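Participant: Have a look at the structure that comes next, please.
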Amino acid sequence: MKKLHVLLPALLILAMLIVVLPGCDKEEGQVFRMADNHPDGYPTVLGNLAFADYVREHTNGRINIQVYNNSVLGQERETIEMTQTGAIHFIRVGINPLTVLNPQLNALGMPFLFRDRAHKFRVLDGPIGDEIRAMLIPQNLYGLCWYDAGFRNFYNSQREIRTPADLQGMRIRVQESALMMDMVRLLGASPTPMAYGEIYTAIQNGIVEGAENNWPSYITAGHYEVASFFTENQHMASPEMILVNTSTWNSFSEEDKAIIYAGAAEGARVEREEWLKAEQEYEATARASGNTITTLTPEERQLFVDALAPLYDQPAYAELADIIQRIRAVE
């Protein structure tokens, strides 16, 4: 029964897709759907569009990837399931919701794992990243490239957060990920998993007191309007990726696969550039709004590092020790 409730929204969306979305004809080539839950102008959406434009241009219009953002095709969990079945062909998604399908992906979401942005992309664009991109093939998903998602931070509607003790008792929205819930519990708060699109109303109505995310999401989703306290603790740098349904991928010729790979690389290049610009712009917006923006001292940040260190020893994550060691060894 529970599975039926999960599938019903996806089936309804699929029915709408069959009615309203174009198929394949001689003039426009073959059409493929791509999902993203972010709004127009968001860095990931701009990257998706660059990806689609590249593929369309280099296949002379034979392959058209249509980008449906703003959760038009459903919330993140629904669109992951639909990409697995092939109802959606491509998706831009964060790592955390994918850990349900393969817990090994939790390695990239462990707190305070990456030293900085440069270290993160040396890992992702190297052999370790290639290995992780292929981990979801048994679940009918194949990773094409890595997107930036910055660093995640806590924000709330109640008070300034300078230490883990300040989070005690707060209800914090998290993604539907066991790792995220375990992390928030270690900090003394109560994790509340919910869809991204529900956060604004949940904070506004007091269902939760706060959430955690990056600068662009804090602003573009309007969370800064209802959560005026933002702490730059940078507890997590979980990346995002473009995934393709494996049956869709296997249907392409080797020549077209090479073009799609190159297009995904171009999308990633654009997205990463746009991400850096967006972070600066949206941080400035938050500060201009009069919100309380807290930058931790090294000593205060270390309190969060120490509070979350036991997570690495929990049985569910101890099996990640090898890949974590390899990530930390990347210079």
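Each chain in the structure tokens gets a letter, A, B, ..., in the order shown, and its residues are numbered from 1; ligands are numbered from 1 in order too.
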Give the alpha helix (DSSP H) residues of region 185-277 of chain A, as assigned by DSSP on the backbone, as a tab-separated table (two decimals) with all heavy atoms, in the first residue's frame.
Facilitator:
chain	number	residue	atom	x	y	z
A	185	ARG	N	20.71	14.81	14.20
A	185	ARG	CA	20.52	14.27	15.56
A	185	ARG	C	21.78	14.45	16.39
A	185	ARG	O	21.70	14.77	17.59
A	185	ARG	CB	20.15	12.79	15.49
A	185	ARG	CG	18.74	12.51	15.01
A	185	ARG	CD	18.36	11.06	15.23
A	185	ARG	NE	17.15	10.72	14.53
A	185	ARG	CZ	17.12	10.07	13.36
A	185	ARG	NH1	18.25	9.70	12.79
A	185	ARG	NH2	15.97	9.79	12.77
A	186	LEU	N	22.95	14.23	15.80
A	186	LEU	CA	24.20	14.39	16.54
A	186	LEU	C	24.39	15.82	17.03
A	186	LEU	O	25.05	16.05	18.04
A	186	LEU	CB	25.39	13.99	15.66
A	186	LEU	CG	25.81	12.53	15.68
A	186	LEU	CD1	26.97	12.29	14.73
A	186	LEU	CD2	26.19	12.09	17.09
A	199	ILE	N	9.50	23.46	2.05
A	199	ILE	CA	10.26	24.07	3.15
A	199	ILE	C	9.72	25.44	3.53
A	199	ILE	O	9.54	25.74	4.72
A	199	ILE	CB	11.75	24.18	2.78
A	199	ILE	CG1	12.34	22.81	2.49
A	199	ILE	CG2	12.53	24.86	3.92
A	199	ILE	CD1	13.77	22.86	1.97
A	200	TYR	N	9.47	26.30	2.57
A	200	TYR	CA	9.04	27.68	2.86
A	200	TYR	C	7.82	27.68	3.77
A	200	TYR	O	7.81	28.32	4.82
A	200	TYR	CB	8.75	28.41	1.55
A	200	TYR	CG	8.41	29.89	1.74
A	200	TYR	CD1	9.37	30.87	1.51
A	200	TYR	CD2	7.14	30.30	2.14
A	200	TYR	CE1	9.07	32.21	1.66
A	200	TYR	CE2	6.82	31.62	2.31
A	200	TYR	CZ	7.80	32.58	2.07
A	200	TYR	OH	7.48	33.93	2.25
A	201	THR	N	6.79	26.95	3.35
A	201	THR	CA	5.54	26.92	4.12
A	201	THR	C	5.75	26.27	5.48
A	201	THR	O	5.15	26.70	6.49
A	201	THR	CB	4.45	26.18	3.34
A	201	THR	OG1	4.27	26.82	2.07
A	201	THR	CG2	3.13	26.18	4.10
A	202	ALA	N	6.60	25.25	5.54
A	202	ALA	CA	6.84	24.56	6.81
A	202	ALA	C	7.50	25.49	7.83
A	202	ALA	O	7.14	25.47	9.01
A	202	ALA	CB	7.72	23.33	6.57
A	203	ILE	N	8.45	26.30	7.39
A	203	ILE	CA	9.08	27.26	8.31
A	203	ILE	C	8.09	28.36	8.65
A	203	ILE	O	7.95	28.76	9.82
A	203	ILE	CB	10.36	27.85	7.69
A	203	ILE	CG1	11.40	26.76	7.46
A	203	ILE	CG2	10.94	28.94	8.59
A	203	ILE	CD1	12.66	27.24	6.77
A	204	GLN	N	7.39	28.84	7.66
A	204	GLN	CA	6.42	29.92	7.87
A	204	GLN	C	5.35	29.52	8.88
A	204	GLN	O	4.94	30.33	9.73
A	204	GLN	CB	5.78	30.28	6.53
A	204	GLN	CG	4.84	31.48	6.58
A	204	GLN	CD	4.25	31.77	5.21
A	204	GLN	OE1	3.80	30.86	4.51
A	204	GLN	NE2	4.28	33.02	4.79
A	215	TRP	N	23.73	28.96	-0.38
A	215	TRP	CA	23.28	30.34	-0.61
A	215	TRP	C	22.22	30.45	-1.72
A	215	TRP	O	21.18	31.09	-1.51
A	215	TRP	CB	24.47	31.22	-0.96
A	215	TRP	CG	25.31	31.68	0.20
A	215	TRP	CD1	26.61	31.36	0.46
A	215	TRP	CD2	24.91	32.57	1.25
A	215	TRP	NE1	27.04	31.99	1.60
A	215	TRP	CE2	26.02	32.74	2.11
A	215	TRP	CE3	23.72	33.23	1.56
A	215	TRP	CZ2	25.98	33.54	3.24
A	215	TRP	CZ3	23.67	34.03	2.69
A	215	TRP	CH2	24.78	34.17	3.52
A	216	PRO	N	22.44	29.87	-2.91
A	216	PRO	CA	21.43	30.03	-3.96
A	216	PRO	C	20.05	29.51	-3.57
A	216	PRO	O	19.03	30.14	-3.86
A	216	PRO	CB	22.03	29.24	-5.14
A	216	PRO	CG	23.50	29.37	-4.93
A	216	PRO	CD	23.67	29.25	-3.44
A	217	SER	N	19.99	28.35	-2.90
A	217	SER	CA	18.69	27.81	-2.51
A	217	SER	C	18.03	28.68	-1.44
A	217	SER	O	16.81	28.87	-1.44
A	217	SER	CB	18.85	26.38	-2.00
A	217	SER	OG	19.26	25.52	-3.05
A	218	TYR	N	18.83	29.19	-0.51
A	218	TYR	CA	18.32	30.05	0.56
A	218	TYR	C	17.58	31.26	-0.01
A	218	TYR	O	16.52	31.66	0.50
A	218	TYR	CB	19.49	30.50	1.42
A	218	TYR	CG	19.17	31.40	2.60
A	218	TYR	CD1	18.28	31.01	3.59
A	218	TYR	CD2	19.79	32.64	2.72
A	218	TYR	CE1	18.02	31.84	4.68
A	218	TYR	CE2	19.54	33.47	3.80
A	218	TYR	CZ	18.65	33.07	4.78
A	218	TYR	OH	18.40	33.89	5.86
A	219	ILE	N	18.10	31.80	-1.11
A	219	ILE	CA	17.49	33.00	-1.69
A	219	ILE	C	16.42	32.66	-2.72
A	219	ILE	O	15.29	33.15	-2.65
A	219	ILE	CB	18.57	33.89	-2.34
A	219	ILE	CG1	19.54	34.40	-1.27
A	219	ILE	CG2	17.92	35.08	-3.06
A	219	ILE	CD1	18.93	35.25	-0.18
A	220	THR	N	16.74	31.80	-3.70
A	220	THR	CA	15.80	31.58	-4.81
A	220	THR	C	14.50	30.92	-4.37
A	220	THR	O	13.45	31.14	-4.97
A	220	THR	CB	16.45	30.74	-5.92
A	220	THR	OG1	16.83	29.45	-5.40
A	220	THR	CG2	17.67	31.43	-6.50
A	223	HIS	N	13.55	31.19	1.19
A	223	HIS	CA	13.70	30.79	2.59
A	223	HIS	C	14.21	31.92	3.47
A	223	HIS	O	13.91	31.97	4.67
A	223	HIS	CB	14.64	29.58	2.69
A	223	HIS	CG	14.14	28.38	1.96
A	223	HIS	ND1	14.93	27.27	1.72
A	223	HIS	CD2	12.93	28.10	1.42
A	223	HIS	CE1	14.22	26.37	1.05
A	223	HIS	NE2	13.02	26.86	0.85
A	224	TYR	N	14.97	32.84	2.88
A	224	TYR	CA	15.48	33.97	3.67
A	224	TYR	C	14.36	34.87	4.18
A	224	TYR	O	14.54	35.61	5.15
A	224	TYR	CB	16.48	34.78	2.83
A	224	TYR	CG	15.86	35.67	1.78
A	224	TYR	CD1	15.79	37.06	1.96
A	224	TYR	CD2	15.33	35.14	0.60
A	224	TYR	CE1	15.22	37.88	0.99
A	224	TYR	CE2	14.77	35.95	-0.37
A	224	TYR	CZ	14.72	37.31	-0.17
A	224	TYR	OH	14.16	38.13	-1.12
A	225	GLU	N	13.19	34.78	3.57
A	225	GLU	CA	12.06	35.59	4.01
A	225	GLU	C	11.45	35.06	5.31
A	225	GLU	O	10.86	35.84	6.07
A	225	GLU	CB	10.97	35.60	2.92
A	225	GLU	CG	11.42	36.21	1.61
A	225	GLU	CD	10.41	36.04	0.49
A	225	GLU	OE1	9.41	35.31	0.71
A	225	GLU	OE2	10.62	36.59	-0.60
A	226	VAL	N	11.59	33.77	5.56
A	226	VAL	CA	10.96	33.17	6.75
A	226	VAL	C	11.99	32.64	7.75
A	226	VAL	O	11.62	32.23	8.85
A	226	VAL	CB	9.99	32.03	6.34
A	226	VAL	CG1	8.77	32.61	5.62
A	226	VAL	CG2	10.69	30.99	5.47
A	246	THR	N	19.58	4.22	-17.89
A	246	THR	CA	20.54	3.36	-18.58
A	246	THR	C	20.02	2.81	-19.90
A	246	THR	O	20.78	2.65	-20.86
A	246	THR	CB	20.98	2.19	-17.67
A	246	THR	OG1	19.82	1.52	-17.17
A	246	THR	CG2	21.83	2.68	-16.53
A	247	SER	N	18.73	2.52	-19.98
A	247	SER	CA	18.17	2.04	-21.25
A	247	SER	C	18.25	3.13	-22.32
A	247	SER	O	18.56	2.85	-23.49
A	247	SER	CB	16.73	1.57	-21.07
A	247	SER	OG	16.67	0.45	-20.21
A	248	THR	N	17.96	4.35	-21.89
A	248	THR	CA	18.09	5.48	-22.81
A	248	THR	C	19.54	5.61	-23.27
A	248	THR	O	19.83	5.76	-24.47
A	248	THR	CB	17.65	6.78	-22.13
A	248	THR	OG1	16.28	6.67	-21.74
A	248	THR	CG2	17.80	7.97	-23.07
A	249	TRP	N	20.46	5.52	-22.32
A	249	TRP	CA	21.88	5.64	-22.63
A	249	TRP	C	22.33	4.56	-23.61
A	249	TRP	O	23.04	4.83	-24.59
A	249	TRP	CB	22.69	5.58	-21.35
A	249	TRP	CG	24.18	5.66	-21.52
A	249	TRP	CD1	25.09	4.68	-21.25
A	249	TRP	CD2	24.93	6.78	-21.98
A	249	TRP	NE1	26.37	5.12	-21.51
A	249	TRP	CE2	26.29	6.41	-21.97
A	249	TRP	CE3	24.58	8.06	-22.41
A	249	TRP	CZ2	27.31	7.27	-22.36
A	249	TRP	CZ3	25.60	8.93	-22.80
A	249	TRP	CH2	26.93	8.54	-22.78
A	250	ASN	N	21.91	3.34	-23.36
A	250	ASN	CA	22.32	2.23	-24.22
A	250	ASN	C	21.70	2.29	-25.61
A	250	ASN	O	22.17	1.60	-26.53
A	250	ASN	CB	21.98	0.90	-23.55
A	250	ASN	CG	22.81	0.65	-22.31
A	250	ASN	OD1	23.93	1.12	-22.20
A	250	ASN	ND2	22.24	-0.09	-21.35
A	254	GLU	N	27.62	4.94	-30.32
A	254	GLU	CA	28.85	5.37	-29.66
A	254	GLU	C	29.17	6.82	-30.02
A	254	GLU	O	29.66	7.59	-29.18
A	254	GLU	CB	30.01	4.46	-30.05
A	254	GLU	CG	29.89	3.04	-29.50
A	254	GLU	CD	29.74	3.03	-27.98
A	254	GLU	OE1	30.52	3.70	-27.30
A	254	GLU	OE2	28.83	2.33	-27.48
A	255	GLU	N	28.89	7.20	-31.24
A	255	GLU	CA	29.12	8.59	-31.66
A	255	GLU	C	28.25	9.55	-30.85
A	255	GLU	O	28.72	10.59	-30.37
A	255	GLU	CB	28.82	8.74	-33.15
A	255	GLU	CG	29.01	10.15	-33.67
A	255	GLU	CD	28.61	10.30	-35.13
A	255	GLU	OE1	28.17	9.29	-35.74
A	255	GLU	OE2	28.73	11.42	-35.66
A	256	ASP	N	26.98	9.20	-30.69
A	256	ASP	CA	26.08	10.08	-29.94
A	256	ASP	C	26.41	10.08	-28.46
A	256	ASP	O	26.28	11.12	-27.79
A	256	ASP	CB	24.62	9.65	-30.15
A	256	ASP	CG	24.10	10.05	-31.53
A	256	ASP	OD1	24.73	10.91	-32.17
A	256	ASP	OD2	23.07	9.49	-31.96
A	257	LYS	N	26.86	8.95	-27.93
A	257	LYS	CA	27.29	8.92	-26.53
A	257	LYS	C	28.44	9.91	-26.31
A	257	LYS	O	28.47	10.62	-25.29
A	257	LYS	CB	27.72	7.52	-26.12
A	257	LYS	CG	26.58	6.54	-25.88
A	257	LYS	CD	27.13	5.18	-25.47
A	257	LYS	CE	26.01	4.19	-25.20
A	257	LYS	NZ	26.53	2.84	-24.83
A	258	ALA	N	29.38	9.94	-27.24
A	258	ALA	CA	30.51	10.86	-27.12
A	258	ALA	C	30.04	12.31	-27.14
A	258	ALA	O	30.54	13.16	-26.38
A	258	ALA	CB	31.51	10.62	-28.25
A	259	ILE	N	29.05	12.61	-27.96
A	259	ILE	CA	28.50	13.97	-28.02
A	259	ILE	C	27.79	14.31	-26.72
A	259	ILE	O	27.94	15.41	-26.17
A	259	ILE	CB	27.53	14.10	-29.22
A	259	ILE	CG1	28.30	14.02	-30.53
A	259	ILE	CG2	26.74	15.41	-29.13
A	259	ILE	CD1	27.41	13.94	-31.77
A	260	ILE	N	27.02	13.36	-26.19
A	260	ILE	CA	26.29	13.61	-24.94
A	260	ILE	C	27.26	13.80	-23.77
A	260	ILE	O	27.06	14.67	-22.93
A	260	ILE	CB	25.30	12.46	-24.67
A	260	ILE	CG1	24.18	12.49	-25.72
A	260	ILE	CG2	24.70	12.56	-23.26
A	260	ILE	CD1	23.32	11.24	-25.75
A	261	TYR	N	28.31	12.99	-23.74
A	261	TYR	CA	29.35	13.17	-22.72
A	261	TYR	C	29.95	14.57	-22.80
A	261	TYR	O	30.12	15.26	-21.79
A	261	TYR	CB	30.47	12.15	-22.93
A	261	TYR	CG	30.47	10.99	-21.97
A	261	TYR	CD1	30.61	9.69	-22.43
A	261	TYR	CD2	30.35	11.19	-20.60
A	261	TYR	CE1	30.62	8.61	-21.56
A	261	TYR	CE2	30.36	10.11	-19.72
A	261	TYR	CZ	30.50	8.83	-20.21
A	261	TYR	OH	30.51	7.77	-19.34
A	262	ALA	N	30.31	14.97	-24.02
A	262	ALA	CA	30.90	16.30	-24.20
A	262	ALA	C	29.90	17.39	-23.83
A	262	ALA	O	30.28	18.42	-23.24
A	262	ALA	CB	31.37	16.47	-25.65
A	263	GLY	N	28.63	17.17	-24.14
A	263	GLY	CA	27.61	18.14	-23.76
A	263	GLY	C	27.44	18.25	-22.26
A	263	GLY	O	27.26	19.35	-21.72
A	264	ALA	N	27.52	17.09	-21.58
A	264	ALA	CA	27.42	17.11	-20.12
A	264	ALA	C	28.60	17.85	-19.52
A	264	ALA	O	28.45	18.62	-18.55
A	264	ALA	CB	27.35	15.68	-19.58
A	265	ALA	N	29.79	17.67	-20.09
A	265	ALA	CA	30.97	18.39	-19.61
A	265	ALA	C	30.80	19.89	-19.81
A	265	ALA	O	31.19	20.70	-18.95
A	265	ALA	CB	32.21	17.89	-20.35
A	266	GLU	N	30.21	20.28	-20.94
A	266	GLU	CA	29.95	21.71	-21.18
A	266	GLU	C	28.90	22.23	-20.19
A	266	GLU	O	29.03	23.34	-19.66
A	266	GLU	CB	29.47	21.91	-22.61
A	266	GLU	CG	29.02	23.33	-22.95
A	266	GLU	CD	30.12	24.37	-22.82
A	266	GLU	OE1	31.31	24.00	-22.66
A	266	GLU	OE2	29.79	25.57	-22.86
A	267	GLY	N	27.88	21.45	-19.92
A	267	GLY	CA	26.88	21.85	-18.94
A	267	GLY	C	27.50	22.04	-17.57
A	267	GLY	O	27.19	22.99	-16.85
A	268	ALA	N	28.40	21.13	-17.19
A	268	ALA	CA	29.08	21.23	-15.90
A	268	ALA	C	29.96	22.47	-15.83
A	268	ALA	O	30.02	23.15	-14.81
A	268	ALA	CB	29.91	19.98	-15.64
A	269	ARG	N	30.65	22.77	-16.93
A	269	ARG	CA	31.50	23.97	-16.96
A	269	ARG	C	30.67	25.23	-16.74
A	269	ARG	O	31.01	26.09	-15.91
A	269	ARG	CB	32.22	24.06	-18.30
A	269	ARG	CG	33.20	25.24	-18.39
A	269	ARG	CD	33.66	25.48	-19.81
A	269	ARG	NE	32.58	25.93	-20.67
A	269	ARG	CZ	32.13	27.19	-20.70
A	269	ARG	NH1	32.65	28.11	-19.89
A	269	ARG	NH2	31.13	27.53	-21.51
A	270	VAL	N	29.54	25.31	-17.44
A	270	VAL	CA	28.66	26.48	-17.30
A	270	VAL	C	28.09	26.55	-15.90
A	270	VAL	O	28.08	27.61	-15.27
A	270	VAL	CB	27.53	26.43	-18.36
A	270	VAL	CG1	26.46	27.48	-18.06
A	270	VAL	CG2	28.10	26.62	-19.76
A	271	GLU	N	27.60	25.40	-15.41
A	271	GLU	CA	26.98	25.39	-14.08
A	271	GLU	C	27.96	25.83	-13.00
A	271	GLU	O	27.61	26.61	-12.10
A	271	GLU	CB	26.46	23.99	-13.77
A	271	GLU	CG	25.55	23.90	-12.56
A	271	GLU	CD	26.26	23.73	-11.23
A	271	GLU	OE1	27.47	23.40	-11.24
A	271	GLU	OE2	25.63	23.91	-10.17
A	272	ARG	N	29.18	25.36	-13.05
A	272	ARG	CA	30.17	25.71	-12.02
A	272	ARG	C	30.51	27.19	-12.06
A	272	ARG	O	30.67	27.82	-11.00
A	272	ARG	CB	31.43	24.85	-12.19
A	272	ARG	CG	31.17	23.36	-11.93
A	272	ARG	CD	32.45	22.54	-12.11
A	272	ARG	NE	32.19	21.13	-12.25
A	272	ARG	CZ	33.12	20.19	-12.37
A	272	ARG	NH1	34.41	20.53	-12.36
A	272	ARG	NH2	32.80	18.92	-12.50
A	273	GLU	N	30.61	27.75	-13.26
A	273	GLU	CA	30.86	29.19	-13.37
A	273	GLU	C	29.68	29.98	-12.83
A	273	GLU	O	29.86	30.96	-12.09
A	273	GLU	CB	31.12	29.56	-14.83
A	273	GLU	CG	32.46	29.11	-15.37
A	273	GLU	CD	32.70	29.59	-16.79
A	273	GLU	OE1	31.79	30.25	-17.36
A	273	GLU	OE2	33.78	29.31	-17.34
A	274	GLU	N	28.48	29.57	-13.20
A	274	GLU	CA	27.28	30.28	-12.75
A	274	GLU	C	27.10	30.12	-11.24
A	274	GLU	O	26.57	31.02	-10.57
A	274	GLU	CB	26.04	29.75	-13.48
A	274	GLU	CG	26.02	30.06	-14.97
A	274	GLU	CD	25.92	31.56	-15.25
A	274	GLU	OE1	25.38	32.30	-14.40
A	274	GLU	OE2	26.38	31.98	-16.32
A	275	TRP	N	27.54	28.98	-10.70
A	275	TRP	CA	27.40	28.76	-9.26
A	275	TRP	C	28.20	29.79	-8.47
A	275	TRP	O	27.71	30.37	-7.50
A	275	TRP	CB	27.83	27.35	-8.88
A	275	TRP	CG	27.50	27.07	-7.45
A	275	TRP	CD1	28.26	27.33	-6.35
A	275	TRP	CD2	26.25	26.57	-6.95
A	275	TRP	NE1	27.58	27.00	-5.21
A	275	TRP	CE2	26.35	26.53	-5.55
A	275	TRP	CE3	25.09	26.13	-7.58
A	275	TRP	CZ2	25.30	26.08	-4.75
A	275	TRP	CZ3	24.06	25.68	-6.78
A	275	TRP	CH2	24.17	25.65	-5.38
A	276	LEU	N	29.44	30.01	-8.87
A	276	LEU	CA	30.29	30.96	-8.16
A	276	LEU	C	29.69	32.36	-8.21
A	276	LEU	O	29.70	33.10	-7.21
A	276	LEU	CB	31.69	30.96	-8.77
A	276	LEU	CG	32.51	29.69	-8.54
A	276	LEU	CD1	33.86	29.79	-9.25
A	276	LEU	CD2	32.71	29.42	-7.06
A	277	LYS	N	29.16	32.76	-9.37
A	277	LYS	CA	28.53	34.08	-9.49
A	277	LYS	C	27.28	34.16	-8.62
A	277	LYS	O	27.03	35.18	-7.97
A	277	LYS	CB	28.19	34.37	-10.95
A	277	LYS	CG	29.41	34.59	-11.83
A	277	LYS	CD	29.04	35.10	-13.21
A	277	LYS	CE	28.42	34.03	-14.06
A	277	LYS	NZ	28.19	34.48	-15.47
Participant: State, in Å with one decimal place, the distance from CA of Leu46 (chain A) to CA of Leu124 (chain A).
Facilitator: 20.3 Å
Participant: Taking 4 positions as the minimum chain separation for residues in the same chain, which residues sit within 9 Å of Ile91 (chain A) when counting only C-alpha atoms? Answer as a PyMOL selection string.
Facilitator: chain A and resi 33-36+67+79-80+83+241-245
Participant: How would the residues just picked look written out with N, CA and C atoms as an mmCIF file, in the first residue's frame?
Facilitator:
data_model
loop_
_atom_site.group_PDB
_atom_site.id
_atom_site.type_symbol
_atom_site.label_atom_id
_atom_site.label_comp_id
_atom_site.auth_asym_id
_atom_site.auth_seq_id
_atom_site.Cartn_x
_atom_site.Cartn_y
_atom_site.Cartn_z
ATOM 1 N N ARG A 33 13.257 13.999 -22.206
ATOM 2 C CA ARG A 33 12.868 14.883 -21.093
ATOM 3 C C ARG A 33 13.941 14.890 -20.018
ATOM 4 N N MET A 34 14.187 16.078 -19.452
ATOM 5 C CA MET A 34 15.146 16.236 -18.360
ATOM 6 C C MET A 34 14.483 17.011 -17.231
ATOM 7 N N ALA A 35 14.626 16.523 -16.006
ATOM 8 C CA ALA A 35 13.970 17.123 -14.843
ATOM 9 C C ALA A 35 14.957 17.843 -13.943
ATOM 10 N N ASP A 36 14.488 18.929 -13.345
ATOM 11 C CA ASP A 36 15.234 19.680 -12.331
ATOM 12 C C ASP A 36 14.200 20.371 -11.456
ATOM 13 N N VAL A 67 14.402 20.619 -21.167
ATOM 14 C CA VAL A 67 14.618 20.796 -19.728
ATOM 15 C C VAL A 67 13.325 21.271 -19.073
ATOM 16 N N THR A 79 10.881 12.258 -9.396
ATOM 17 C CA THR A 79 11.569 12.287 -10.685
ATOM 18 C C THR A 79 12.733 11.292 -10.739
ATOM 19 N N ILE A 80 13.331 11.003 -9.599
ATOM 20 C CA ILE A 80 14.353 9.945 -9.574
ATOM 21 C C ILE A 80 13.715 8.620 -9.968
ATOM 22 N N THR A 83 12.921 8.546 -13.621
ATOM 23 C CA THR A 83 14.112 8.376 -14.454
ATOM 24 C C THR A 83 14.555 6.917 -14.429
ATOM 25 N N MET A 241 24.651 15.930 -9.767
ATOM 26 C CA MET A 241 25.080 15.318 -11.023
ATOM 27 C C MET A 241 23.944 15.245 -12.034
ATOM 28 N N ILE A 242 24.327 15.067 -13.292
ATOM 29 C CA ILE A 242 23.357 14.710 -14.321
ATOM 30 C C ILE A 242 23.378 13.194 -14.445
ATOM 31 N N LEU A 243 22.189 12.608 -14.377
ATOM 32 C CA LEU A 243 22.025 11.164 -14.549
ATOM 33 C C LEU A 243 21.166 10.896 -15.775
ATOM 34 N N VAL A 244 21.404 9.771 -16.412
ATOM 35 C CA VAL A 244 20.587 9.346 -17.543
ATOM 36 C C VAL A 244 20.073 7.944 -17.265
ATOM 37 N N ASN A 245 18.857 7.661 -17.688
ATOM 38 C CA ASN A 245 18.313 6.314 -17.597
ATOM 39 C C ASN A 245 19.194 5.374 -18.427
#
Participant: As an exercise, work out the distance from CA of Arg326 (chain A) to CA of Arg133 (chain A) in Å and give it to one decimal place.
Facilitator: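 These atoms are spaced 15.9 Å apart.
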Participant: Smallest atom-to-atom distance to Ala118 (chain A): which of A:Glu331, A:Glu81, A:Glu198, A:Asp130, using only C-alpha atoms?
Facilitator: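 Between A:Glu331, A:Glu81, A:Glu198, A:Asp130, the residue approaching Ala118 (chain A) most closely is A:Glu331.
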Participant: In terms of the shortest atom-to-atom distance over only C-alpha atoms, which of A:Pro310, A:Glu212, A:Cys145, A:His58 is closest to Asp182 (chain A)?
Facilitator: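 Smallest separation from Asp182 (chain A) among the options: A:Pro310.
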Participant: When you look at Val174 (chain A) with a cut-off of 10 Å (counting only C-alpha atoms), what residues show up, excluding the ones that are within fewer than 6 positions of it in the same chain? I need them as a list of chain:residue names.
Facilitator: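 Using only C-alpha atoms, the neighbours found are A:Asn96, A:Met180, A:Met181, A:Met183, A:Val184, A:Ser190, A:Pro191, A:Thr192, A:Pro193, A:Met194, A:Ala195, A:Tyr196, A:Ile199, A:Gly210, A:Ala211, A:Glu212, A:Asn213.
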Participant: Pick the closest to Gly126 (chain A) from A:Gly206, A:Ile327, A:Glu176, A:Gln104: which is it, counting only C-alpha atoms?
Facilitator: A:Ile327
Participant: What does the structure give for the distance between CA of Val31 (chain A) and CA of Gly94 (chain A), in Å to one decimal?
Facilitator: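 CA of Gly94 (chain A) lies at a distance of 24.0 Å from CA of Val31 (chain A).
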Participant: For Ala318 (chain A), which of A:Gln280, A:Gln66, A:Asn106, A:Gln158 is the closest residue, counting only C-alpha atoms?
Facilitator: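 The shortest atom-to-atom distance to Ala318 (chain A) comes from A:Asn106.
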Participant: Nearest residue to Thr294 (chain A) out of A:Leu311, A:Leu187, A:Ile323, A:Ile161, using only C-alpha atoms?
Facilitator: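 Of the candidates, the smallest distance to Thr294 (chain A) is held by A:Ile161.
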Participant: If you run DSSP on the backbone here, which positions in region 188-223 of chain A get strand (DSSP E)? Please write them as a list in words.
Facilitator: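 Restricting region 188-223 of chain A to strand (DSSP E) produces Ser190, Pro191, Thr192, Pro193, Gly210, Ala211, Glu212 and Asn213 of chain A.
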Participant: Restricting the calculation to only C-alpha atoms: of A:Val45, A:Val305, A:Val72, A:Ala134, which residue gets closest to Met236 (chain A)?
Facilitator: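 Answer, going by the shortest atom-to-atom distance: A:Val305.
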Participant: Show me, as a list of chain:residue names, the residues that have an atom within 10 Å of Met110 (chain A) when counting only C-alpha atoms, minus same-chain residues fewer than 4 positions from it.
Facilitator: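 The residues satisfying every condition are A:Leu105, A:Asn106, A:Phe114, A:Leu179, A:Met180, A:Met183, A:His235, A:Met236, A:Ala237, A:Ser238, A:Leu308, A:Ala309, A:Leu311, A:Tyr312, A:Tyr317, A:Leu320, A:Ile324.
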